Each structure stands twice: as structure tokens, then as C-alpha cells.
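Heads up, the thing below is written out as C-alpha cells.
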Amino acid sequence: MSAVTPGGRNLLVSSINLVQRMTRNAHPSSRAVGLDRAFKLEYMGSAEFEWGSVPQSLRTMRTDPVSVSVRPLTIDGGSRDVHLVCPTGDADESWDELLRWVTGDGYRQPFEAKEFTRFDTAFAGADTYGTVAWWTLDVHFMWALDADVAADLADAVNTKPAK
């Protein structure tokens with residue numbers, strides 16, 4: 001079996017690089033719908049996050065309805081459920097991708113991304129300055145440690161603005 005997919009993606013190396021942190025949107029605009037109504041994207045500090053990665057990833061995720069898939073994850077002896085938000089048929093692939101990112105893949109350190117994600121800190125139960133969810137803009141799925149947050153993410157992604 002080859003470690004490279006027909007599309008050229010290496011199955012042994014995580015493709016996760018751009019991870020967008022998200023907080024709850026406490027004061028949404030009255031005109032906000034979908035993702036903008038429920039969540040706020042944190043400033044990430046790199047131009048890659050500002051050059052269309054967010055809308056492109058959202059368009060990709062909205063190709064098919066998304067749902068929540070729950071998987072247990074253990075890091076440094078601590079276990080928690082991770083709630084993946086992705087197209088229903090992509091749950092296993094998304095989970096495998098997240099595991100490669102969390103554990104490191106021989107080329108990159110665990111949790112390595114373009115900018116600091118705070119996921120390991122949140123997983124350990126420490127304060128993350130309001131970060132409640134993460135969105136990989138290059139692999140097109142989201143995840144949260146809280147079931148309600150994940151359900152709200154799925155609803156937000158599945159709610160498309162009127163044209």
C-alpha cells in the first residue's frame with residue numbers, strides 16, 4: 001500500500017498547517033448569519049489567514065452538509081472527547097488527519113501549525129483566552145471539546161446566507 005493518495009497527499013504527514021482559533025460571538029451584528037452569528041475568528045497574525053483561506057475553506061465545507069462526529073482522544077494520559085465538524089463522509093479521514101497533527105508525524109512536532117493554536121492548552125483544561133473551537137483551513141474541518149459548541153458549529157456551517 002502506498003503512503004501517498006492518488007491526489008498526491010502523503011498519508012503519513014499531517015496536512016494541517018493553518019488552524020484558525022474561534023471564540024463565541026457575544027455581540028453579533030443583527031445582520032450576521034451562519035458562522036458570523038455564533039462565532040468570532042481570532043486574529044491569527046499571518047497573511048495566509050487574510051488571503052481568502054477562510055471563505056475558500058467554508059465554501060469547501062459547505063459542498064455537502066456537515067455533521068458532528070465524536071471521538072475519544074488521549075494526550076499525556078488525559079482523555080477527552082473531541083467533536084469533529086465535517087462532511088459526514090469525511091469523519092474518518094478528518095480524524096486521522098487530526099491524530100497525525102496531535103501526535104506529530106516524524107517531520108513536524110505535535111500541534112505544529114503556522115500560528116499558535118492553544119489546542120493542547122485547552123485539552124489540558126487551562127484557560128485559552130476564550131478559544132472554544134478550531135478550524136483547519138487547509139484540510140477543511142472544525143473541532144471542539146464541547147458538544148454544544150460543535151453542534152452550534154455544524155448549524156452555523158449548514159446555514160448559508162441568503163443570496
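Within each chain, counting starts at residue 1; across the C-alpha cells, chains are named A, B, ... in the order shown, with ligands numbered 1 upward in that order.
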
- Task: Return as a PyMOL selection string the full set of residues in region 17-126 of chain A whose backbone-based DSSP assignment is helix (DSSP H, G or I).
- Result: chain A and resi 35-38+47-49+53-61+88-103+119-123

How about saving the chosen residues, N, CA and C atoms kept, as an mmCIF file, in the first residue's frame?
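Final file, result-v4.cif:
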data_model
loop_
_atom_site.group_PDB
_atom_site.id
_atom_site.type_symbol
_atom_site.label_atom_id
_atom_site.label_comp_id
_atom_site.auth_asym_id
_atom_site.auth_seq_id
_atom_site.Cartn_x
_atom_site.Cartn_y
_atom_site.Cartn_z
ATOM 1 N N LEU A 35 -22.029 31.259 10.442
ATOM 2 C CA LEU A 35 -20.836 31.237 11.286
ATOM 3 C C LEU A 35 -20.599 32.574 11.986
ATOM 4 N N ASP A 36 -20.825 33.684 11.282
ATOM 5 C CA ASP A 36 -20.587 35.013 11.861
ATOM 6 C C ASP A 36 -21.516 35.316 13.031
ATOM 7 N N ARG A 37 -22.690 34.714 13.049
ATOM 8 C CA ARG A 37 -23.641 34.975 14.129
ATOM 9 C C ARG A 37 -23.188 34.309 15.434
ATOM 10 N N ALA A 38 -22.671 33.108 15.336
ATOM 11 C CA ALA A 38 -22.351 32.334 16.536
ATOM 12 C C ALA A 38 -20.889 32.424 16.975
ATOM 13 N N ALA A 47 -0.460 36.537 7.133
ATOM 14 C CA ALA A 47 -1.183 36.941 5.926
ATOM 15 C C ALA A 47 -1.972 35.792 5.314
ATOM 16 N N GLU A 48 -1.520 34.557 5.500
ATOM 17 C CA GLU A 48 -2.222 33.412 4.919
ATOM 18 C C GLU A 48 -3.678 33.347 5.374
ATOM 19 N N PHE A 49 -3.949 33.850 6.586
ATOM 20 C CA PHE A 49 -5.309 33.825 7.115
ATOM 21 C C PHE A 49 -6.166 34.930 6.499
ATOM 22 N N SER A 53 -8.303 32.293 2.602
ATOM 23 C CA SER A 53 -8.337 30.924 3.116
ATOM 24 C C SER A 53 -9.643 30.619 3.842
ATOM 25 N N VAL A 54 -10.148 31.584 4.599
ATOM 26 C CA VAL A 54 -11.377 31.362 5.369
ATOM 27 C C VAL A 54 -12.580 31.155 4.451
ATOM 28 N N PRO A 55 -12.881 32.076 3.526
ATOM 29 C CA PRO A 55 -14.048 31.835 2.671
ATOM 30 C C PRO A 55 -13.891 30.608 1.773
ATOM 31 N N GLN A 56 -12.682 30.335 1.314
ATOM 32 C CA GLN A 56 -12.470 29.154 0.470
ATOM 33 C C GLN A 56 -12.743 27.876 1.256
ATOM 34 N N SER A 57 -12.243 27.801 2.485
ATOM 35 C CA SER A 57 -12.475 26.613 3.300
ATOM 36 C C SER A 57 -13.960 26.457 3.622
ATOM 37 N N LEU A 58 -14.630 27.563 3.919
ATOM 38 C CA LEU A 58 -16.065 27.492 4.221
ATOM 39 C C LEU A 58 -16.848 27.019 2.998
ATOM 40 N N ARG A 59 -16.503 27.524 1.818
ATOM 41 C CA ARG A 59 -17.168 27.053 0.584
ATOM 42 C C ARG A 59 -16.953 25.550 0.402
ATOM 43 N N THR A 60 -15.739 25.094 0.653
ATOM 44 C CA THR A 60 -15.436 23.667 0.521
ATOM 45 C C THR A 60 -16.241 22.852 1.522
ATOM 46 N N MET A 61 -16.313 23.327 2.760
ATOM 47 C CA MET A 61 -17.066 22.596 3.781
ATOM 48 C C MET A 61 -18.559 22.562 3.472
ATOM 49 N N THR A 88 -20.250 14.531 6.478
ATOM 50 C CA THR A 88 -20.498 13.236 7.109
ATOM 51 C C THR A 88 -19.567 12.138 6.609
ATOM 52 N N GLY A 89 -19.318 12.063 5.347
ATOM 53 C CA GLY A 89 -18.467 11.014 4.798
ATOM 54 C C GLY A 89 -16.984 11.210 5.039
ATOM 55 N N ASP A 90 -16.594 12.347 5.597
ATOM 56 C CA ASP A 90 -15.174 12.660 5.796
ATOM 57 C C ASP A 90 -14.694 12.462 7.230
ATOM 58 N N ALA A 91 -15.540 11.939 8.113
ATOM 59 C CA ALA A 91 -15.192 11.876 9.537
ATOM 60 C C ALA A 91 -13.934 11.051 9.798
ATOM 61 N N ASP A 92 -13.818 9.876 9.193
ATOM 62 C CA ASP A 92 -12.642 9.033 9.447
ATOM 63 C C ASP A 92 -11.359 9.691 8.944
ATOM 64 N N GLU A 93 -11.411 10.255 7.745
ATOM 65 C CA GLU A 93 -10.235 10.922 7.181
ATOM 66 C C GLU A 93 -9.852 12.155 8.010
ATOM 67 N N SER A 94 -10.855 12.913 8.445
ATOM 68 C CA SER A 94 -10.587 14.099 9.270
ATOM 69 C C SER A 94 -9.969 13.689 10.599
ATOM 70 N N TRP A 95 -10.490 12.621 11.193
ATOM 71 C CA TRP A 95 -9.950 12.141 12.468
ATOM 72 C C TRP A 95 -8.494 11.711 12.299
ATOM 73 N N ASP A 96 -8.201 10.957 11.244
ATOM 74 C CA ASP A 96 -6.823 10.524 11.006
ATOM 75 C C ASP A 96 -5.894 11.725 10.845
ATOM 76 N N GLU A 97 -6.371 12.738 10.146
ATOM 77 C CA GLU A 97 -5.579 13.954 9.940
ATOM 78 C C GLU A 97 -5.313 14.647 11.277
ATOM 79 N N LEU A 98 -6.341 14.745 12.113
ATOM 80 C CA LEU A 98 -6.178 15.378 13.425
ATOM 81 C C LEU A 98 -5.197 14.584 14.287
ATOM 82 N N LEU A 99 -5.287 13.267 14.260
ATOM 83 C CA LEU A 99 -4.363 12.444 15.040
ATOM 84 C C LEU A 99 -2.916 12.655 14.606
ATOM 85 N N ARG A 100 -2.669 12.732 13.293
ATOM 86 C CA ARG A 100 -1.297 12.988 12.818
ATOM 87 C C ARG A 100 -0.794 14.332 13.329
ATOM 88 N N TRP A 101 -1.679 15.326 13.357
ATOM 89 C CA TRP A 101 -1.292 16.656 13.817
ATOM 90 C C TRP A 101 -1.019 16.659 15.322
ATOM 91 N N VAL A 102 -1.876 15.988 16.090
ATOM 92 C CA VAL A 102 -1.750 15.964 17.555
ATOM 93 C C VAL A 102 -0.504 15.201 17.993
ATOM 94 N N THR A 103 -0.192 14.113 17.320
ATOM 95 C CA THR A 103 0.915 13.264 17.761
ATOM 96 C C THR A 103 2.252 13.615 17.123
ATOM 97 N N PHE A 119 -4.646 24.563 21.324
ATOM 98 C CA PHE A 119 -5.447 23.351 21.486
ATOM 99 C C PHE A 119 -4.907 22.475 22.606
ATOM 100 N N ASP A 120 -3.595 22.287 22.667
ATOM 101 C CA ASP A 120 -3.027 21.453 23.729
ATOM 102 C C ASP A 120 -3.324 22.036 25.104
ATOM 103 N N THR A 121 -3.309 23.354 25.212
ATOM 104 C CA THR A 121 -3.627 24.032 26.471
ATOM 105 C C THR A 121 -5.086 23.812 26.842
ATOM 106 N N ALA A 122 -5.976 23.973 25.875
ATOM 107 C CA ALA A 122 -7.409 23.762 26.122
ATOM 108 C C ALA A 122 -7.684 22.309 26.486
ATOM 109 N N PHE A 123 -7.029 21.392 25.802
ATOM 110 C CA PHE A 123 -7.226 19.972 26.074
ATOM 111 C C PHE A 123 -6.857 19.649 27.520
#

- Query: So which bits of region 4-143 of chain A end up strand (DSSP E or B) when you DSSP the backbone, as an MDAnalysis selection string?
  - Reply: chainID A and resid 4 10 19:24 39:41 66:75 78:87 133:136 141:143

Mind dumping the selected residues with N, CA and C atoms as a compact mmCIF listing (two decimals), in the first residue's frame?
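Result written to selection05.txt:
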# COMPACT_ATOMS: atom_id res chain seq x y z
N VAL A 4 0.94 7.46 -0.26
CA VAL A 4 0.53 8.67 -0.96
C VAL A 4 -0.79 8.41 -1.67
N ASN A 10 0.38 12.91 1.16
CA ASN A 10 1.11 11.93 1.94
C ASN A 10 0.29 11.58 3.17
N VAL A 19 -4.47 26.73 11.19
CA VAL A 19 -5.53 26.42 12.16
C VAL A 19 -6.07 27.74 12.70
N GLN A 20 -7.32 28.01 12.40
CA GLN A 20 -8.00 29.22 12.84
C GLN A 20 -8.64 28.97 14.21
N ARG A 21 -8.29 29.78 15.19
CA ARG A 21 -8.95 29.70 16.50
C ARG A 21 -10.26 30.47 16.44
N MET A 22 -11.26 29.98 17.20
CA MET A 22 -12.57 30.64 17.23
C MET A 22 -13.05 30.80 18.66
N THR A 23 -13.74 31.91 18.90
CA THR A 23 -14.40 32.17 20.17
C THR A 23 -15.90 32.33 19.91
N ARG A 24 -16.68 32.33 20.98
CA ARG A 24 -18.11 32.62 20.85
C ARG A 24 -18.26 34.09 20.50
N PHE A 39 -19.99 32.67 16.03
CA PHE A 39 -18.56 32.60 16.35
C PHE A 39 -17.80 33.79 15.80
N LYS A 40 -16.67 34.04 16.45
CA LYS A 40 -15.77 35.11 16.03
C LYS A 40 -14.41 34.47 15.75
N LEU A 41 -13.81 34.82 14.64
CA LEU A 41 -12.49 34.30 14.30
C LEU A 41 -11.44 35.15 15.01
N VAL A 66 -22.62 19.25 6.81
CA VAL A 66 -21.68 18.74 7.82
C VAL A 66 -22.46 18.17 8.99
N SER A 67 -21.79 17.31 9.74
CA SER A 67 -22.36 16.76 10.96
C SER A 67 -21.24 16.64 11.99
N VAL A 68 -21.62 16.27 13.20
CA VAL A 68 -20.66 16.15 14.29
C VAL A 68 -20.34 14.67 14.51
N SER A 69 -19.08 14.37 14.62
CA SER A 69 -18.60 13.02 14.92
C SER A 69 -17.74 13.12 16.18
N VAL A 70 -18.01 12.29 17.17
CA VAL A 70 -17.30 12.36 18.45
C VAL A 70 -16.30 11.21 18.54
N ARG A 71 -15.08 11.54 18.91
CA ARG A 71 -14.02 10.54 19.07
C ARG A 71 -13.27 10.82 20.37
N PRO A 72 -12.89 9.78 21.11
CA PRO A 72 -12.08 9.98 22.31
C PRO A 72 -10.61 10.20 21.92
N LEU A 73 -9.96 11.09 22.64
CA LEU A 73 -8.55 11.38 22.38
C LEU A 73 -7.81 11.39 23.71
N THR A 74 -6.64 10.76 23.74
CA THR A 74 -5.81 10.75 24.94
C THR A 74 -4.49 11.45 24.61
N ILE A 75 -4.15 12.43 25.43
CA ILE A 75 -2.88 13.15 25.30
C ILE A 75 -2.25 13.22 26.67
N GLY A 78 -4.25 12.16 29.71
CA GLY A 78 -5.59 12.76 29.87
C GLY A 78 -6.47 12.44 28.68
N SER A 79 -7.71 12.06 28.94
CA SER A 79 -8.63 11.71 27.86
C SER A 79 -9.82 12.65 27.83
N ARG A 80 -10.20 13.03 26.61
CA ARG A 80 -11.39 13.88 26.40
C ARG A 80 -12.01 13.50 25.07
N ASP A 81 -13.28 13.83 24.93
CA ASP A 81 -13.93 13.66 23.64
C ASP A 81 -13.63 14.86 22.77
N VAL A 82 -13.34 14.59 21.50
CA VAL A 82 -13.16 15.64 20.51
C VAL A 82 -14.33 15.53 19.55
N HIS A 83 -14.98 16.66 19.29
CA HIS A 83 -16.16 16.72 18.44
C HIS A 83 -15.75 17.31 17.10
N LEU A 84 -15.67 16.46 16.08
CA LEU A 84 -15.29 16.88 14.73
C LEU A 84 -16.51 17.39 13.98
N VAL A 85 -16.35 18.46 13.26
CA VAL A 85 -17.41 19.00 12.41
C VAL A 85 -16.89 18.96 10.98
N CYS A 86 -17.47 18.08 10.18
CA CYS A 86 -17.01 17.88 8.81
C CYS A 86 -18.12 17.24 8.00
N PRO A 87 -17.99 17.23 6.67
CA PRO A 87 -18.97 16.49 5.88
C PRO A 87 -19.05 15.05 6.39
N ALA A 133 -13.11 26.64 19.76
CA ALA A 133 -13.13 25.76 18.60
C ALA A 133 -11.95 26.07 17.69
N TRP A 134 -11.64 25.12 16.83
CA TRP A 134 -10.53 25.23 15.90
C TRP A 134 -11.00 24.81 14.51
N TRP A 135 -10.42 25.43 13.49
CA TRP A 135 -10.83 25.18 12.10
C TRP A 135 -9.57 25.07 11.26
N THR A 136 -9.33 23.91 10.69
CA THR A 136 -8.18 23.77 9.81
C THR A 136 -8.58 24.23 8.41
N PHE A 141 -11.96 21.13 8.05
CA PHE A 141 -12.86 20.64 9.08
C PHE A 141 -12.63 21.43 10.36
N MET A 142 -13.57 21.32 11.28
CA MET A 142 -13.50 22.04 12.55
C MET A 142 -13.57 21.03 13.68
N TRP A 143 -13.16 21.48 14.87
CA TRP A 143 -13.32 20.61 16.03
C TRP A 143 -13.45 21.46 17.28

All residues 8 Å or closer to Thr159 (chain A), only C-alpha atoms, same chain fewer than 4 positions away omitted, as a PDB file with C-alpha atoms, in the first residue's frame:
ATOM      1  CA  VAL A  33     -25.956  34.810   9.845  1.00  0.00           C
ATOM      2  CA  GLY A  34     -24.368  31.382   9.945  1.00  0.00           C
ATOM      3  CA  LEU A  35     -20.836  31.237  11.286  1.00  0.00           C
ATOM      4  CA  ASP A 155     -25.603  24.524  12.467  1.00  0.00           C
TER       5      ASP A 155
END

- Of the candidates A:Ala32, A:Ala113, A:Val139, A:Ala147, which one gets nearest to Lys160 (chain A) if we count only C-alpha atoms?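 Under the stated criterion, the closest residue is A:Ala32.
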
- Between CA of Tyr129 (chain A) and CA of Ser15 (chain A) - distance in Å to one decimal: 26.0 Å

- Which is closest to Met44 (chain A) among A:Ala26, A:Val157, A:Leu18, A:Ala126, if we use only C-alpha atoms?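 Of A:Ala26, A:Val157, A:Leu18, A:Ala126, the one nearest Met44 (chain A), counting only C-alpha atoms, is A:Leu18.
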
- Would you mind telling me which residue in A:Glu112, A:Gly106, A:Asp146, A:Ala151 lies nearest to Gly125 (chain A) when using only C-alpha atoms?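 Of A:Glu112, A:Gly106, A:Asp146, A:Ala151, the one nearest Gly125 (chain A) is A:Asp146, counting only C-alpha atoms.
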